[in-house]
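K.L.:
Quick one: this structure, given as C-alpha coordinates, is what I'll be asking you about.
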Amino acid sequence: MIDEAITELTELLGSVRAACAAAGRPQASHYRRHRQNPLPVRTPREPEPQQRALTPAERATPRPPLNHPDHVDQAAATAYR
(Lines give C-alpha, C1' and ligand atoms only; values in the text may rest on other atoms or scores of the structure.)
Protein backbone atom coordinates (compact mmCIF):
# COMPACT_ATOMS: atom_id res chain seq x y z
CA MET A 1 0.00 0.00 0.00
CA ILE A 2 2.77 2.44 0.91
CA ASP A 3 4.77 1.21 -2.08
CA GLU A 4 1.91 2.13 -4.39
CA ALA A 5 1.61 5.54 -2.75
CA ILE A 6 5.33 6.17 -3.17
CA THR A 7 5.13 5.14 -6.83
CA GLU A 8 2.28 7.56 -7.45
CA LEU A 9 3.94 10.34 -5.46
CA THR A 10 7.19 9.82 -7.36
CA GLU A 11 5.39 10.60 -10.61
CA LEU A 12 3.79 13.71 -9.09
CA LEU A 13 6.77 15.04 -7.12
CA GLY A 14 9.52 13.97 -9.49
CA SER A 15 11.81 12.13 -7.07
CA VAL A 16 11.76 9.11 -4.81
CA ARG A 17 13.30 11.18 -2.02
CA ALA A 18 10.41 13.63 -1.99
CA ALA A 19 7.86 10.82 -2.28
CA CYS A 20 9.38 8.96 0.66
CA ALA A 21 9.44 12.12 2.74
CA ALA A 22 5.77 12.78 1.93
CA ALA A 23 4.78 9.19 2.79
CA GLY A 24 6.85 9.14 5.98
CA ARG A 25 9.00 6.21 4.94
CA PRO A 26 12.80 6.29 5.11
CA GLN A 27 14.34 6.42 1.67
CA ALA A 28 16.85 3.69 2.49
CA SER A 29 14.03 1.32 3.52
CA HIS A 30 12.29 1.92 0.20
CA TYR A 31 15.41 1.21 -1.82
CA ARG A 32 16.28 -1.83 0.31
CA ARG A 33 12.80 -3.25 -0.22
CA HIS A 34 12.97 -2.78 -3.99
CA ARG A 35 16.54 -3.98 -4.48
CA GLN A 36 17.05 -5.80 -7.77
CA ASN A 37 20.37 -7.51 -7.13
CA PRO A 38 20.59 -10.48 -4.75
CA LEU A 39 22.08 -10.18 -1.30
CA PRO A 40 25.76 -11.10 -1.03
CA VAL A 41 26.41 -14.70 -0.07
CA ARG A 42 27.72 -15.08 3.47
CA THR A 43 29.86 -18.04 4.27
CA PRO A 44 28.94 -19.73 7.54
CA ARG A 45 31.67 -19.63 10.14
CA GLU A 46 32.32 -21.20 13.49
CA PRO A 47 32.00 -18.90 16.47
CA GLU A 48 35.37 -18.23 18.04
CA PRO A 49 35.68 -19.05 21.74
CA GLN A 50 36.31 -16.20 24.14
CA GLN A 51 39.93 -15.80 25.16
CA ARG A 52 39.11 -15.99 28.86
CA ALA A 53 36.73 -18.93 28.54
CA LEU A 54 37.44 -22.07 30.51
CA THR A 55 38.90 -25.02 28.65
CA PRO A 56 36.71 -28.12 28.35
CA ALA A 57 38.87 -29.87 30.97
CA GLU A 58 38.43 -26.98 33.41
CA ARG A 59 34.70 -26.94 32.78
CA ALA A 60 34.41 -30.68 33.46
CA THR A 61 36.21 -30.66 36.80
CA PRO A 62 34.21 -30.02 39.95
CA ARG A 63 34.85 -26.79 41.77
CA PRO A 64 35.04 -27.73 45.44
CA PRO A 65 36.16 -24.31 46.72
CA LEU A 66 32.99 -22.74 45.35
CA ASN A 67 30.79 -25.38 46.94
CA HIS A 68 32.42 -25.05 50.36
CA PRO A 69 30.08 -23.60 53.05
CA ASP A 70 32.52 -20.76 53.76
CA HIS A 71 32.08 -19.40 50.23
CA VAL A 72 28.36 -19.92 49.68
CA ASP A 73 27.49 -16.21 49.72
CA GLN A 74 30.60 -14.97 47.90
CA ALA A 75 31.45 -14.35 44.29
CA ALA A 76 33.65 -16.87 42.51
CA ALA A 77 36.57 -14.43 42.28
CA THR A 78 36.69 -13.99 46.07
CA ALA A 79 36.67 -17.75 46.68
CA TYR A 80 39.83 -18.24 44.62
CA ARG A 81 41.91 -15.45 46.19
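Ordering of the C-alpha coordinates sets the chain letters (A, B, ...); residue numbers start at 1 within each chain; ligands are numbered from 1 in the order shown.
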Using DSSP on the backbone coordinates, identify the residues of chain A assigned to helix (DSSP H, G or I); present them as a count of residues only.

P.N.:
43

K.L.:
Rounded to one decimal in Å, what is the spacing between CA of Ala18 in chain A and CA of Leu39 in chain A?

P.N.:
26.5 Å

K.L.:
Within 7 Å of Ile6 in chain A, counting only C-alpha atoms, which residues qualify if same-chain residues fewer than 2 places away don't, as a list of chain:residue names?

P.N.:
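Everything that qualifies: A:Ile2, A:Asp3, A:Glu4, A:Glu8, A:Leu9, A:Thr10, A:Ala19, A:Cys20, A:Ala23.
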